[in-house]
file input_17.txt (compact mmCIF, C-alpha atoms)
# COMPACT_ATOMS: atom_id res chain seq x y z
CA MET I 160 106.13 84.61 78.25
CA GLY I 161 107.06 87.10 80.88
CA SER I 162 106.52 90.33 79.08
CA ALA I 163 103.58 92.33 80.24
CA PRO I 164 100.80 92.89 77.79
CA SER I 165 100.89 96.36 76.37
CA PRO I 166 97.59 97.96 77.24
CA LEU I 167 97.28 100.17 74.23
CA PRO I 168 94.60 102.78 74.43
CA SER I 169 92.11 100.78 72.47
CA ALA I 170 88.96 101.92 70.82
CA HIS I 171 85.97 102.52 73.03
CA GLY I 172 83.71 99.59 73.36
CA THR I 173 86.46 97.01 73.37
CA PRO I 174 85.68 95.18 76.56
CA THR I 175 89.10 93.78 77.24
CA GLU I 176 92.44 93.46 75.65
CA THR I 177 92.92 90.00 74.35
CA VAL I 178 96.44 89.28 75.31
CA SER I 179 96.82 85.87 73.90
CA ALA I 180 97.08 85.66 70.19
CA GLN I 181 94.08 84.38 68.35
CA VAL I 182 93.72 81.14 70.17
CA GLY I 183 90.79 78.95 69.47
CA SER I 184 87.42 80.53 69.74
CA ALA I 185 87.25 81.28 73.39
CA VAL I 186 84.11 82.66 74.92
CA ARG I 187 84.18 86.42 75.13
CA PRO I 188 84.42 87.34 78.80
CA PRO I 189 82.63 90.29 80.36
CA LEU I 190 84.45 93.49 81.20
CA PRO I 191 85.52 92.96 84.80
CA VAL I 192 85.40 95.96 87.09
CA LYS I 193 85.97 96.01 90.81
CA MET I 194 85.28 97.97 93.93
CA VAL I 195 86.82 97.63 97.34
CA VAL I 196 84.92 97.33 100.61
CA ALA I 197 87.36 98.21 103.36
CA GLY I 198 87.32 98.86 107.06
CA GLY I 199 88.31 97.47 110.41
CA PHE I 200 87.69 93.99 111.68
CA GLY I 201 84.08 93.07 112.25
CA VAL I 202 82.51 96.25 110.92
CA GLY I 203 80.38 94.44 108.37
CA LYS I 204 82.51 94.25 105.23
CA THR I 205 81.70 90.64 104.52
CA THR I 206 78.07 91.24 105.37
CA ALA I 207 77.93 94.10 102.91
CA VAL I 208 79.57 92.05 100.15
CA ALA I 209 77.18 89.17 100.85
CA ALA I 210 74.16 91.46 100.73
CA VAL I 211 74.67 92.28 97.07
CA SER I 212 76.78 89.43 95.73
CA GLU I 213 75.16 86.89 93.46
CA ILE I 214 77.45 84.23 94.86
CA GLU I 215 78.26 83.35 98.44
CA PRO I 216 81.21 85.52 99.34
CA LEU I 217 84.39 83.60 98.75
CA THR I 218 87.62 83.84 100.60
CA THR I 219 90.94 83.65 98.88
CA GLU I 220 94.48 84.40 99.76
CA ALA I 221 96.19 87.34 98.20
CA SER I 222 99.47 89.05 98.55
CA ILE I 223 99.55 92.49 99.95
CA THR I 224 102.36 94.88 100.27
CA GLU I 225 102.90 95.98 103.79
CA VAL I 226 104.50 99.15 104.90
CA ALA I 227 106.01 98.92 108.31
CA ALA I 228 104.84 102.31 109.38
CA GLY I 229 101.52 104.05 109.41
CA ILE I 230 102.86 107.51 108.83
CA ASP I 231 101.65 109.86 106.16
CA ASP I 232 104.71 110.02 103.98
CA VAL I 233 104.97 106.77 102.13
CA SER I 234 108.25 107.75 100.52
CA LEU I 235 109.88 107.59 103.92
CA THR I 236 108.86 104.03 104.51
CA PRO I 237 111.35 101.74 102.85
CA ASN I 238 110.33 98.66 104.81
CA LYS I 239 107.97 97.28 102.25
CA THR I 240 107.37 93.61 102.30
CA THR I 241 104.80 91.24 100.94
CA THR I 242 102.58 89.02 102.95
CA THR I 243 99.63 86.77 102.42
CA VAL I 244 96.20 87.52 103.74
CA ALA I 245 92.71 86.29 103.28
CA MET I 246 90.23 88.48 101.49
CA ASP I 247 86.60 87.96 100.63
CA PHE I 248 85.00 88.76 97.40
CA GLY I 249 81.68 88.58 95.72
CA CYS I 250 80.44 89.52 92.29
CA LEU I 251 77.50 90.91 90.44
CA THR I 252 76.79 90.35 86.77
CA LEU I 253 75.37 93.71 85.75
CA ASP I 254 74.82 92.58 82.19
CA PRO I 255 76.39 89.90 80.01
CA THR I 256 79.24 92.23 79.14
CA LEU I 257 79.87 93.76 82.54
CA LYS I 258 80.74 92.07 85.82
CA LEU I 259 81.39 93.88 89.07
CA TYR I 260 83.67 92.28 91.62
CA LEU I 261 83.59 93.38 95.22
CA PHE I 262 86.64 92.79 97.33
CA GLY I 263 86.43 92.99 101.08
CA THR I 264 89.83 93.77 102.47
CA PRO I 265 90.54 93.28 106.14
CA GLY I 266 91.83 96.45 107.64
CA GLN I 267 92.98 95.31 111.01
CA ASP I 268 96.62 95.21 110.27
CA ARG I 269 99.33 96.55 112.43
CA PHE I 270 101.41 97.38 109.40
CA GLY I 271 99.00 99.69 107.76
CA PHE I 272 96.98 99.24 104.69
CA MET I 273 98.69 98.67 101.39
CA TRP I 274 96.37 96.52 99.43
CA ASP I 275 97.80 97.39 96.08
CA ASP I 276 97.28 93.93 94.71
CA VAL I 277 93.55 94.25 95.16
CA THR I 278 92.96 97.96 94.87
CA GLU I 279 94.93 98.63 91.70
CA GLY I 280 92.45 99.56 89.02
CA ALA I 281 89.43 99.60 91.34
CA LEU I 282 86.65 102.04 90.50
CA GLY I 283 86.40 103.16 94.09
CA ALA I 284 86.09 102.08 97.68
CA LEU I 285 83.51 101.97 100.40
CA VAL I 286 85.08 102.36 103.82
CA VAL I 287 82.77 100.71 106.32
CA VAL I 288 82.79 102.24 109.76
CA ASP I 289 81.48 101.32 113.17
CA SER I 290 81.10 104.74 114.74
CA ARG I 291 81.85 103.30 118.17
CA ARG I 292 85.27 102.19 116.94
CA LEU I 293 86.04 104.95 114.56
CA ASP I 294 89.81 104.64 114.67
CA ASP I 295 89.61 101.18 113.11
CA CYS I 296 88.96 102.80 109.77
CA PHE I 297 91.75 105.36 109.92
CA PRO I 298 94.25 103.19 108.03
CA ALA I 299 91.76 102.61 105.23
CA VAL I 300 90.86 106.29 104.96
CA ASP I 301 94.52 107.25 104.97
CA TYR I 302 95.27 104.65 102.35
CA PHE I 303 92.64 105.74 99.85
CA GLU I 304 93.51 109.39 100.38
CA ARG I 305 97.15 108.71 99.63
CA LYS I 306 96.26 106.55 96.67
CA GLY I 307 93.94 109.18 95.31
CA MET I 308 91.19 106.60 94.92
CA PRO I 309 87.59 107.80 95.16
CA PHE I 310 85.94 106.53 98.32
CA ALA I 311 82.98 107.11 100.57
CA VAL I 312 82.69 106.52 104.28
CA ALA I 313 79.71 104.36 105.20
CA VAL I 314 78.70 104.15 108.84
CA ASN I 315 77.10 100.78 109.46
CA THR I 316 73.99 101.39 111.52
CA PHE I 317 73.75 97.78 112.67
CA ASP I 318 70.39 97.69 114.45
CA GLY I 319 69.25 100.95 113.03
CA ASP I 320 71.24 102.78 115.65
CA LEU I 321 73.36 105.63 114.50
CA THR I 322 75.39 106.17 117.65
CA HIS I 323 77.08 109.28 116.37
CA PRO I 324 75.71 111.89 114.00
CA LEU I 325 77.30 111.84 110.56
CA ASP I 326 78.60 115.35 111.06
CA ALA I 327 80.56 114.18 114.07
CA VAL I 328 81.95 111.24 112.11
CA ARG I 329 83.00 113.49 109.27
CA GLU I 330 84.65 115.88 111.66
CA ALA I 331 86.53 113.13 113.44
CA LEU I 332 87.73 111.59 110.19
CA ASP I 333 88.65 114.94 108.74
CA VAL I 334 87.99 113.81 105.19
CA ALA I 335 87.80 116.21 102.28
CA GLU I 336 84.51 117.98 101.76
CA GLU I 337 83.68 116.09 98.59
CA VAL I 338 84.09 112.67 100.21
CA PRO I 339 80.59 111.30 100.89
CA VAL I 340 79.89 110.27 104.47
CA LEU I 341 76.71 108.26 104.75
CA CYS I 342 75.00 105.71 106.91
CA PHE I 343 73.87 102.35 105.64
CA ASP I 344 72.79 98.92 106.73
CA ALA I 345 75.33 96.31 105.67
CA ARG I 346 72.65 93.60 105.75
CA ASP I 347 70.34 95.36 103.34
CA SER I 348 71.04 94.82 99.67
CA GLY I 349 69.32 98.03 98.63
CA SER I 350 71.25 100.03 101.18
CA VAL I 351 74.58 98.52 100.13
CA ARG I 352 73.74 98.98 96.47
CA ASP I 353 72.90 102.65 97.04
CA SER I 354 76.14 103.15 98.94
CA LEU I 355 78.14 101.69 96.08
CA VAL I 356 76.31 103.97 93.67
CA ILE I 357 77.28 106.95 95.85
CA VAL I 358 80.93 105.92 95.62
CA LEU I 359 80.63 105.60 91.85
CA GLU I 360 78.89 108.94 91.44
CA HIS I 361 81.72 110.49 93.40
CA ALA I 362 84.20 108.71 91.13
CA LEU I 363 82.27 109.83 88.07
CA ALA I 364 82.24 113.45 89.20
CA ARG I 365 85.99 113.32 89.61
CA ALA I 366 86.50 111.64 86.25
CA VAL I 367 84.30 114.22 84.54
CA ALA I 368 86.14 117.07 86.26
CA ALA I 369 89.45 115.62 85.15
CA ALA I 370 88.35 115.01 81.57
CA MET R 582 88.49 111.49 118.78
CA SER R 583 90.43 112.52 115.73
CA ARG R 584 92.31 110.80 112.99
CA GLN R 585 95.53 112.60 113.88
CA GLY R 586 95.54 110.76 117.15
CA GLY R 587 95.03 107.48 115.41
CA ARG R 588 97.74 108.16 112.94
CA SER R 589 100.35 108.99 115.51
CA ASP R 590 100.04 105.56 117.04
CA PRO R 591 102.26 103.50 114.77
CA ALA R 592 105.11 105.99 114.96
CA GLY R 593 107.09 103.78 117.25
CA ARG R 594 107.15 101.08 114.64
CA ARG R 595 108.73 103.13 111.93
CA GLY R 596 111.74 101.36 110.58
CA GLY R 597 111.37 98.85 113.34
CA GLU R 598 110.62 95.19 113.17
CA PRO R 599 110.99 93.61 109.76
CA ALA R 600 107.47 92.80 108.73
CA GLY R 601 108.61 90.08 106.41
CA GLU R 602 109.28 87.70 109.23
CA THR R 603 105.72 87.53 110.33
CA HIS R 604 104.02 85.87 107.45
CA GLY R 605 103.25 82.26 106.87
CA ALA R 606 102.92 81.62 110.56
CA GLU R 607 99.28 80.71 110.60
CA ARG R 608 98.94 77.52 108.68
CA ALA R 609 101.03 75.72 106.16
CA PRO R 610 99.30 74.09 103.21
CA ALA R 611 100.14 70.48 102.57
CA VAL R 612 101.75 71.40 99.28
CA ARG R 613 103.71 74.60 99.29
CA PRO R 614 102.72 77.00 96.52
CA PHE R 615 106.19 77.06 95.00
CA MET R 616 106.09 73.30 94.50
CA VAL R 617 103.04 73.66 92.31
CA THR R 618 104.83 76.22 90.21
CA ASP R 619 108.20 74.43 90.05
CA GLY R 620 109.72 77.02 92.30
CA ARG R 621 108.74 80.00 90.25
CA VAL R 622 107.14 83.03 91.75
CA ALA R 623 104.64 85.11 89.92
CA ALA R 624 106.21 86.35 86.75
CA GLU R 625 102.66 87.30 85.93
CA ALA R 626 102.34 89.32 89.12
CA GLY R 627 101.00 92.19 87.11
CA LEU R 628 97.79 90.38 86.30
CA PRO R 629 94.94 92.03 88.19
CA VAL R 630 92.82 89.76 90.37
CA GLU R 631 89.78 90.38 88.17
CA THR R 632 91.57 89.32 84.97
CA GLN R 633 89.28 87.01 83.05
CA VAL R 634 90.53 83.65 81.90
CA VAL R 635 88.73 81.22 79.66
CA ALA R 636 89.72 77.89 78.21
CA THR R 637 90.48 77.78 74.52
CA ALA R 638 89.18 75.06 72.27
CA GLU R 639 92.72 73.70 72.20
CA GLY R 640 92.83 73.69 75.96
CA LEU R 641 89.59 71.80 76.31
CA GLY R 642 90.73 69.44 73.59
CA GLN R 643 93.96 68.66 75.38
CA LEU R 644 92.54 68.21 78.86
CA GLY R 645 93.67 64.60 78.89
CA ALA R 646 97.26 65.64 78.40
CA LEU R 647 97.19 68.01 81.35
CA ALA R 648 97.57 67.07 84.96
CA PHE R 649 96.70 68.34 88.39
CA GLU R 650 96.30 72.10 88.79
CA ARG R 651 96.80 72.94 85.14
CA ARG R 652 94.10 70.55 84.12
CA ALA R 653 91.79 71.79 86.84
CA ILE R 654 92.20 75.39 85.72
CA VAL R 655 91.38 74.65 82.10
CA GLU R 656 88.52 72.43 83.18
CA ILE R 657 86.72 75.06 85.27
CA CYS R 658 87.36 77.81 82.75
CA GLY R 659 84.89 76.58 80.18
CA THR R 660 83.10 79.80 81.03
CA PRO R 661 85.12 82.91 81.80
CA LEU R 662 86.26 83.34 85.40
CA SER R 663 88.41 85.85 87.19
CA LEU R 664 91.77 84.78 88.58
CA ALA R 665 90.32 85.34 92.04
CA GLU R 666 87.45 82.94 91.38
CA VAL R 667 89.82 80.32 90.01
CA ALA R 668 91.97 80.64 93.12
CA VAL R 669 88.99 80.16 95.40
CA LYS R 670 87.41 77.33 93.49
CA LEU R 671 90.65 75.37 93.31
CA ARG R 672 91.91 76.45 96.72
CA LEU R 673 95.11 77.76 95.23
CA HIS R 674 97.06 80.82 96.17
CA LEU R 675 96.32 83.67 93.82
CA ASN R 676 99.95 83.92 92.77
CA VAL R 677 100.03 80.23 91.92
CA VAL R 678 97.05 80.77 89.66
CA ARG R 679 98.84 83.70 88.07
CA VAL R 680 101.90 81.59 87.28
CA LEU R 681 99.92 78.65 85.96
CA ALA R 682 97.63 80.87 83.92
CA GLY R 683 100.75 82.36 82.35
CA ASP R 684 101.97 78.87 81.44
CA LEU R 685 98.64 77.87 80.00
CA ARG R 686 98.43 81.07 78.03
CA ALA R 687 101.88 80.43 76.59
CA GLY R 688 100.69 76.99 75.58
CA ARG R 689 97.58 78.51 74.01
CA LEU R 690 95.37 76.46 76.27
CA LEU R 691 93.91 79.43 78.09
CA ALA R 692 92.95 82.89 76.90
CA VAL R 693 93.85 85.60 79.37
CA HIS R 694 91.96 88.84 79.06
CA VAL R 695 93.74 91.55 80.96
CA PRO R 696 91.51 94.52 81.77
CA ARG R 697 92.46 97.70 80.01
CA SER R 698 94.35 100.08 82.22
CA GLY R 699 92.49 103.31 82.73
CA THR R 700 89.15 101.56 83.05
CA SER R 701 88.73 102.84 86.59
CA SER R 702 88.44 106.44 85.48
CA ASP R 703 86.61 105.74 82.24
CA ILE R 704 83.46 107.84 82.29
CA ASP R 705 81.50 105.44 80.09
CA VAL R 706 82.42 102.49 82.26
CA LEU R 707 81.46 104.33 85.44
CA ARG R 708 78.10 105.27 83.97
CA ARG R 709 77.45 101.71 82.87
CA VAL R 710 78.24 100.35 86.32
CA ILE R 711 76.02 102.94 88.00
CA ASP R 712 73.15 102.14 85.64
CA GLY R 713 73.72 98.43 86.08
CA LEU R 714 73.66 98.67 89.86
CA ARG R 715 70.52 100.77 89.85
CA ALA R 716 68.81 98.21 87.67
CA ILE R 717 69.44 95.22 89.90
CA PRO R 718 66.41 94.10 91.83
CA THR R 719 66.86 94.40 95.56
CA SER R 720 64.12 92.17 96.76
CA VAL R 721 65.26 92.32 100.35
CA GLY R 722 63.18 95.36 101.18
CA SER R 723 63.21 97.37 104.41
CA ARG R 724 65.44 100.19 103.39
CA ASP R 725 65.90 103.10 105.70
CA ALA R 726 63.65 105.92 104.71
CA ASP R 727 66.34 108.48 104.29
call {"tool": "encode", "arguments": {"input": "input_17.txt", "output": "structure tokens"}}
result
Amino acid sequence: MGSAPSPLPSAHGTPTETVSAQVGSAVRPPLPVKMVVAGGFGVGKTTAVAAVSEIEPLTTEASITEVAAGIDDVSLTPNKTTTTVAMDFGCLTLDPTLKLYLFGTPGQDRFGFMWDDVTEGALGALVVVDSRRLDDCFPAVDYFERKGMPFAVAVNTFDGDLTHPLDAVREALDVAEEVPVLCFDARDSGSVRDSLVIVLEHALARAVAAA
Amino acid sequence: MSRQGGRSDPAGRRGGEPAGETHGAERAPAVRPFMVTDGRVAAEAGLPVETQVVATAEGLGQLGALAFERRAIVEICGTPLSLAEVAVKLRLHLNVVRVLAGDLRAGRLLAVHVPRSGTSSDIDVLRRVIDGLRAIPTSVGSRDAD
């Protein structure tokens, strides 16, 4: 049974495509949606996921596609290969029919940042930044820009210290004007929740503009 | 500090070392993933990590006839789980879960609900997620007044 399910444009309100034929009377699962929490090593990704997840963040292994170059033009990088990495995730049941998964993807990777396996179909991404080590997030920012995925840059304030003003961070990252740059506290569930909402509002604005 | 500077760094690696030779170095599981799947790699590689799987009545009814990982998957999927959760709970590689879920689906023991493509830019879905997030209680107070 190798053929891919054909995701027909189904009627609104259908939570998921049931790929298997009518088998038994399986429980109707919620619509799963996902967001990505990305950034360099030790910037607070796992902390942020833990702050809002209803389960202890779990770690699993996933395959990622690596590109053996960090240069802008992905078409010039034929050296794609697949490797296995650990990623954390958490989840939030928003209502019985809707479940949000958060995937924390490690960004410290000398081969760049091609997390297609995880990011495909994500609603958006939060790129977590430690403003003292700003370049750690460059691969993630580059990746989401190339992918055209809505994202926001969230400077983790750690102990309430914002070492660099947001304007300076925005300037250094050189992100598009519409990309939100904000500060948050990765330990605070409300702060993380609000940051995710900012990503989604950005995604919504883009979706509305494109509709 | 600018991103241009950061981006120029990996230039020396372009077309250089084959990245494929670096993986698997850290730790080898006792049972290699391909042994669990009879040597097959993920034919179901297209299944997103959040794909929901749930045991069918047939699957639960035939638990006794299943063994090892297949049985474990059906057993924990009495309520819907994502492939990622199954992988974590059973300590299996995600791609192993994908292959086995494909088998179990073919045998009608597991229902596999693949998310619709296009969900990520679906305006209704985005609104529902925003509303859902706003509604969750965040008891851990002390938010920055900002």
call {"tool": "residues_around", "arguments": {"input": "input_17.txt", "residues": "range 317-328 of chain I", "least_positions_apart": "3", "cutoff": "7 Å", "atoms": "only C-alpha atoms", "output": "list in words"}}
result
Ser290, Ala331, Leu332, Val340, Leu341 and Asp344 of chain I
call {"tool": "residues_around", "arguments": {"input": "input_17.txt", "residues": "Asp254 in chain I", "least_positions_apart": "3", "cutoff": "8 Å", "atoms": "all atoms listed in the file", "output": "list in words"}}
result
Leu257 and Lys258 of chain I; Gly713 of chain R
call {"tool": "closest_residue", "arguments": {"input": "input_17.txt", "among": "I:Val286, I:Leu261, I:Ala368, I:Ala281", "to": "chain R", "atoms": "all atoms listed in the file"}}
result
I:Ala281
call {"tool": "atom_distance", "arguments": {"input": "input_17.txt", "atom1": "CA of Phe297 in chain I", "atom2": "CA of Arg352 in chain I"}}
result
23.4 Å
call {"tool": "closest_residue", "arguments": {"input": "input_17.txt", "among": "R:Arg651, R:Lys670, R:His694, R:Arg679", "to": "chain I", "atoms": "only C-alpha atoms"}}
result
R:His694
call {"tool": "atom_distance", "arguments": {"input": "input_17.txt", "atom1": "CA of Val630 in chain R", "atom2": "CA of Glu337 in chain I"}}
result
29.1 Å
call {"tool": "closest_residue", "arguments": {"input": "input_17.txt", "among": "I:Phe248, I:Phe200, I:Tyr302, I:Phe310", "to": "chain R", "atoms": "all atoms listed in the file"}}
result
I:Phe248
call {"tool": "residues_near_point", "arguments": {"input": "input_17.txt", "point": "(85.6, 103.0, 103.6)", "cutoff": "7 Å", "atoms": "all atoms listed in the file", "output": "ChimeraX atom specification"}}
result
/I:196-198,284-288,299-300,310-313
call {"tool": "atom_distance", "arguments": {"input": "input_17.txt", "atom1": "CA of Thr218 in chain I", "atom2": "CA of Leu671 in chain R"}}
result
11.6 Å
